[in-house]
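Q: This is the structure I have questions about; it appears just below.
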Amino acid sequence: MARINDNYLKLKAGYLFPEIARRVKEFSDAHPEAQIIRLGIGDVTQPLVPAVIEAFHAGVDDLAKAETFHGYGPEQGYNWLSQLIAEKAYAPLGVELKPSEIFISDGSKCDSANILDILDLGNKVAICDPVYPVYHDTNVMIGRSGEADAKGYYEGIVYMPCTAENDFTPAFPEEKVDIIYLCYPNNPTGTVATKEQLKAWVDYAIARNAIIFFDAAYEAFITEPGIPHSIYEIDGAKQCAIEFRSFSKTAGFTGVRCGLTVIPHELTATSATGEKVALNKLWNRRQSTKFNGVSYPVQRAAAAVYSEQGWLQVKEVINFYLENAKIIKQGLEAAGIDCYGGVNAPYIWLKTPENMGSWEFFDKLLKECHVVGTPGSGFGPSGEGYFRLSAFGGRENVKKAVKRIVEKWGKK
């Protein structure tokens, strides 16, 4: 009889967001009259901007004519898109990249999981806590961990707690680690890292021959000057870091699917015999074998994001979400609720009122205010007692949600 991958059985619960959807559906079915406002999962609500839609349609039209038809594209992405990203997204930051260092994909969620294919199971991984669940769960799924303890920490994974007490800034692991996950602007806390902080991580990784997985999916939401948009703004980062980016939140591509992974040519790791091997080469081999590339119309749409008109339109949408974040944060803070993030990220990380547990607050918020958020404990044990609200909503719904929460839990 065929055997399953038993590592899946180690996972303590279902993936966070399907569990949220299950609870919301159960409540909605029982209370169909309830006007539920969803500020939980980080899904965008505003439509694709006109420049993107126009390019998308043009890409589809190309497929209708023999002379412009495109079948299989390069698994790494079309060179014209990689070149454009290098010129428009990285060069203005002072970062020089070759198109061959940029791999176009169907999303940074997939890439941050699939990257594990090219690295040995014996590598020790360090993960922030709380953290985007994909980093954690995929390492458990492939067999890098043992069982979870009572707190929810898995044997074999190094955890870096991030709480209000340490300004949500992870401390360097005391034990030797080989892979370090960093996410800035952070999901779920909404915090950012300074150049000095990232420089310290780069120096730490180089000194220990470790690799940083840097998730920059929310870099377009950075508003404060001096905050790095890319790990490669830091000297030495090309020797130790892989960067993931996404069009999902930047340009509303959550349903369109397009992202990218940057692997510099000089980044290496060792083989079993001690030989240094370029990770760019391995990732290229992995993608060529397991991935057929992003569709031509989607890549045309992605290229339009970097057109002069497209970027102006995209920035307008980003600013809309940031204004939502400001409304949520200022409204809750005025009511005496401790909040973090919401300035350089579309997420507000709040301390649950009345010392409630994260899921307890989720259920009360849903049942008494008809508002959906994300329990902090779903992002890891250190997220217990916290809660994430997303700014990806309509303006009126955001205002209504804040009003309902303040009326219920605001300090009189």
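Identifiers in this document derive from the order of the structure tokens: chains are assigned A, B, ..., residues are numbered from 1 separately in each chain, and ligands are numbered from 1 in order of occurrence.
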Leaving out stretch 59-64 of chain A and any residue of its chain fewer than 6 positions from it, which residues lie within 12 Å of it when counting only C-alpha atoms, given as JSON, numbers by chain?

A: {"A": [52, 53, 70, 71, 72, 295, 296, 297, 298, 299, 300, 301, 302, 303, 304]}

Q: Can you list every residue in stretch 61-148 of chain A that DSSP puts in strand (DSSP E), as a ChimeraX atom specification?

A: /A:102-105,125-129

Q: From the list A:Gly380, A:Gly236, A:Pro375, A:Gly122, which residue is nearest A:Asp363 when using only C-alpha atoms?

A: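 Of all the options, A:Pro375 lies closest to A:Asp363.
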
Q: Would you list the contacts of stretch 135-148 of chain A as JSON, numbers by chain, taking every protein, DNA or RNA residue within 12 Å and counting only C-alpha atoms, but skipping same-chain residues closer than 5 positions in sequence?

A: {"A": [4, 5, 6, 7, 8, 9, 10, 11, 12, 13, 14, 15, 16, 108, 109, 110, 111, 112, 113, 114, 115, 116, 117, 119, 120, 121, 122, 123, 124, 125, 126, 127, 128, 129, 130, 153, 154, 155, 156, 157, 158, 159, 179, 180, 181, 182, 183, 187, 213, 214, 215, 378, 379, 380, 381]}

Q: Could you go through stretch 70-194 of chain A and tell me which residues DSSP, when run on the backbone, assigns to alpha helix (DSSP H), listing them as an NGL selection string?

A: :A and (79-85 or 108-114 or 133-141)

Q: Could the residues in this selection be saved with N, CA and C atoms as a PDB file, in the first residue's frame?

A:
```
ATOM      1  N   ASN A  79      12.762  37.597 -20.937  1.00  0.00           N
ATOM      2  CA  ASN A  79      13.901  38.458 -20.639  1.00  0.00           C
ATOM      3  C   ASN A  79      13.499  39.928 -20.584  1.00  0.00           C
ATOM      4  N   TRP A  80      12.516  40.316 -21.440  1.00  0.00           N
ATOM      5  CA  TRP A  80      12.118  41.724 -21.440  1.00  0.00           C
ATOM      6  C   TRP A  80      11.481  42.153 -20.123  1.00  0.00           C
ATOM      7  N   LEU A  81      10.832  41.217 -19.417  1.00  0.00           N
ATOM      8  CA  LEU A  81      10.259  41.567 -18.116  1.00  0.00           C
ATOM      9  C   LEU A  81      11.351  41.601 -17.045  1.00  0.00           C
ATOM     10  N   SER A  82      12.251  40.630 -17.054  1.00  0.00           N
ATOM     11  CA  SER A  82      13.347  40.615 -16.086  1.00  0.00           C
ATOM     12  C   SER A  82      14.225  41.850 -16.229  1.00  0.00           C
ATOM     13  N   GLN A  83      14.501  42.226 -17.486  1.00  0.00           N
ATOM     14  CA  GLN A  83      15.308  43.422 -17.731  1.00  0.00           C
ATOM     15  C   GLN A  83      14.606  44.676 -17.226  1.00  0.00           C
ATOM     16  N   LEU A  84      13.302  44.741 -17.454  1.00  0.00           N
ATOM     17  CA  LEU A  84      12.516  45.892 -17.009  1.00  0.00           C
ATOM     18  C   LEU A  84      12.517  46.003 -15.485  1.00  0.00           C
ATOM     19  N   ILE A  85      12.375  44.871 -14.809  1.00  0.00           N
ATOM     20  CA  ILE A  85      12.393  44.871 -13.344  1.00  0.00           C
ATOM     21  C   ILE A  85      13.752  45.329 -12.823  1.00  0.00           C
ATOM     22  N   SER A 108       5.283  34.785  -4.771  1.00  0.00           N
ATOM     23  CA  SER A 108       6.346  34.609  -3.782  1.00  0.00           C
ATOM     24  C   SER A 108       5.987  33.552  -2.746  1.00  0.00           C
ATOM     25  N   LYS A 109       4.702  33.295  -2.531  1.00  0.00           N
ATOM     26  CA  LYS A 109       4.314  32.213  -1.619  1.00  0.00           C
ATOM     27  C   LYS A 109       4.860  30.885  -2.127  1.00  0.00           C
ATOM     28  N   CYS A 110       4.667  30.624  -3.415  1.00  0.00           N
ATOM     29  CA  CYS A 110       5.165  29.379  -4.007  1.00  0.00           C
ATOM     30  C   CYS A 110       6.685  29.320  -3.942  1.00  0.00           C
ATOM     31  N   ASP A 111       7.333  30.432  -4.288  1.00  0.00           N
ATOM     32  CA  ASP A 111       8.786  30.435  -4.343  1.00  0.00           C
ATOM     33  C   ASP A 111       9.415  30.243  -2.966  1.00  0.00           C
ATOM     34  N   SER A 112       8.838  30.888  -1.959  1.00  0.00           N
ATOM     35  CA  SER A 112       9.420  30.782  -0.618  1.00  0.00           C
ATOM     36  C   SER A 112       9.307  29.361  -0.070  1.00  0.00           C
ATOM     37  N   ALA A 113       8.387  28.586  -0.628  1.00  0.00           N
ATOM     38  CA  ALA A 113       8.281  27.167  -0.269  1.00  0.00           C
ATOM     39  C   ALA A 113       9.148  26.311  -1.184  1.00  0.00           C
ATOM     40  N   ASN A 114       9.072  26.559  -2.485  1.00  0.00           N
ATOM     41  CA  ASN A 114       9.790  25.722  -3.454  1.00  0.00           C
ATOM     42  C   ASN A 114      11.300  25.870  -3.379  1.00  0.00           C
ATOM     43  N   PRO A 133       2.829  31.965   7.946  1.00  0.00           N
ATOM     44  CA  PRO A 133       2.803  30.515   8.200  1.00  0.00           C
ATOM     45  C   PRO A 133       3.483  29.660   7.134  1.00  0.00           C
ATOM     46  N   VAL A 134       3.573  30.140   5.911  1.00  0.00           N
ATOM     47  CA  VAL A 134       4.146  29.329   4.830  1.00  0.00           C
ATOM     48  C   VAL A 134       5.599  28.950   5.123  1.00  0.00           C
ATOM     49  N   TYR A 135       6.391  29.886   5.674  1.00  0.00           N
ATOM     50  CA  TYR A 135       7.789  29.567   5.956  1.00  0.00           C
ATOM     51  C   TYR A 135       7.881  28.368   6.894  1.00  0.00           C
ATOM     52  N   HIS A 136       7.097  28.452   7.922  1.00  0.00           N
ATOM     53  CA  HIS A 136       7.147  27.450   8.986  1.00  0.00           C
ATOM     54  C   HIS A 136       6.592  26.109   8.514  1.00  0.00           C
ATOM     55  N   ASP A 137       5.372  26.134   7.996  1.00  0.00           N
ATOM     56  CA  ASP A 137       4.681  24.888   7.656  1.00  0.00           C
ATOM     57  C   ASP A 137       5.410  24.096   6.577  1.00  0.00           C
ATOM     58  N   THR A 138       5.996  24.787   5.603  1.00  0.00           N
ATOM     59  CA  THR A 138       6.660  24.057   4.517  1.00  0.00           C
ATOM     60  C   THR A 138       7.917  23.349   5.013  1.00  0.00           C
ATOM     61  N   ASN A 139       8.594  23.911   5.992  1.00  0.00           N
ATOM     62  CA  ASN A 139       9.745  23.226   6.566  1.00  0.00           C
ATOM     63  C   ASN A 139       9.327  21.981   7.336  1.00  0.00           C
ATOM     64  N   VAL A 140       8.177  22.053   7.984  1.00  0.00           N
ATOM     65  CA  VAL A 140       7.650  20.866   8.662  1.00  0.00           C
ATOM     66  C   VAL A 140       7.255  19.819   7.625  1.00  0.00           C
ATOM     67  N   MET A 141       6.602  20.241   6.568  1.00  0.00           N
ATOM     68  CA  MET A 141       6.105  19.320   5.552  1.00  0.00           C
ATOM     69  C   MET A 141       7.207  18.524   4.869  1.00  0.00           C
TER      70      MET A 141
END
```

Q: Determine, for each residue of stretch 40-74 of chain A having at least one atom at most 10 Å from an atom of stretch 314-335 of chain A, the closest pair of atoms and their separation in Å to one decimal, counting only C-alpha atoms; order by chain and ascending number, as CSV.

A:
```
residue,atom,partner,partner_atom,distance
A:Val44,CA,A:Tyr321,CA,9.0
A:Thr45,CA,A:Tyr321,CA,9.5
A:Gln46,CA,A:Val317,CA,7.3
A:Pro47,CA,A:Val317,CA,9.0
A:Leu48,CA,A:Val314,CA,8.4
A:Val49,CA,A:Val314,CA,6.5
A:Pro50,CA,A:Val314,CA,9.4
A:Ala51,CA,A:Val314,CA,9.1
A:Val52,CA,A:Val314,CA,9.1
```

Q: What's around A:Leu93 at 12 Å? Count only C-alpha atoms, leave out sequence neighbours fewer than 6 positions away in its own chain, and write the answer as an mmCIF file with N, CA and C atoms, in the first residue's frame.

A:
```cif
data_model
loop_
_atom_site.group_PDB
_atom_site.id
_atom_site.type_symbol
_atom_site.label_atom_id
_atom_site.label_comp_id
_atom_site.auth_asym_id
_atom_site.auth_seq_id
_atom_site.Cartn_x
_atom_site.Cartn_y
_atom_site.Cartn_z
ATOM 1 N N ILE A 85 12.375 44.871 -14.809
ATOM 2 C CA ILE A 85 12.393 44.871 -13.344
ATOM 3 C C ILE A 85 13.752 45.329 -12.823
ATOM 4 N N ALA A 86 14.824 44.848 -13.463
ATOM 5 C CA ALA A 86 16.160 45.272 -13.057
ATOM 6 C C ALA A 86 16.327 46.780 -13.196
ATOM 7 N N GLU A 87 15.778 47.340 -14.280
ATOM 8 C CA GLU A 87 15.938 48.768 -14.558
ATOM 9 C C GLU A 87 15.012 49.640 -13.712
ATOM 10 N N GLU A 219 7.354 45.699 -0.027
ATOM 11 C CA GLU A 219 8.279 46.825 -0.084
ATOM 12 C C GLU A 219 7.651 48.079 -0.698
ATOM 13 N N GLY A 226 14.723 56.279 3.987
ATOM 14 C CA GLY A 226 15.839 55.603 4.631
ATOM 15 C C GLY A 226 15.604 54.147 4.946
ATOM 16 N N ILE A 227 14.379 53.666 4.767
ATOM 17 C CA ILE A 227 14.076 52.253 5.018
ATOM 18 C C ILE A 227 14.367 51.466 3.737
ATOM 19 N N PRO A 228 15.190 50.435 3.799
ATOM 20 C CA PRO A 228 15.532 49.669 2.585
ATOM 21 C C PRO A 228 14.309 48.985 1.973
ATOM 22 N N HIS A 229 14.253 49.020 0.655
ATOM 23 C CA HIS A 229 13.225 48.300 -0.091
ATOM 24 C C HIS A 229 13.718 46.924 -0.521
ATOM 25 N N SER A 230 15.022 46.730 -0.488
ATOM 26 C CA SER A 230 15.626 45.466 -0.924
ATOM 27 C C SER A 230 16.812 45.132 -0.024
ATOM 28 N N ILE A 231 17.012 43.853 0.233
ATOM 29 C CA ILE A 231 18.174 43.403 0.994
ATOM 30 C C ILE A 231 19.460 43.741 0.253
ATOM 31 N N TYR A 232 19.377 43.878 -1.085
ATOM 32 C CA TYR A 232 20.569 44.126 -1.885
ATOM 33 C C TYR A 232 21.037 45.576 -1.812
ATOM 34 N N GLU A 233 20.321 46.418 -1.107
ATOM 35 C CA GLU A 233 20.816 47.760 -0.805
ATOM 36 C C GLU A 233 21.933 47.698 0.237
ATOM 37 N N ILE A 234 22.091 46.545 0.850
ATOM 38 C CA ILE A 234 23.094 46.348 1.888
ATOM 39 C C ILE A 234 24.344 45.714 1.282
#
```
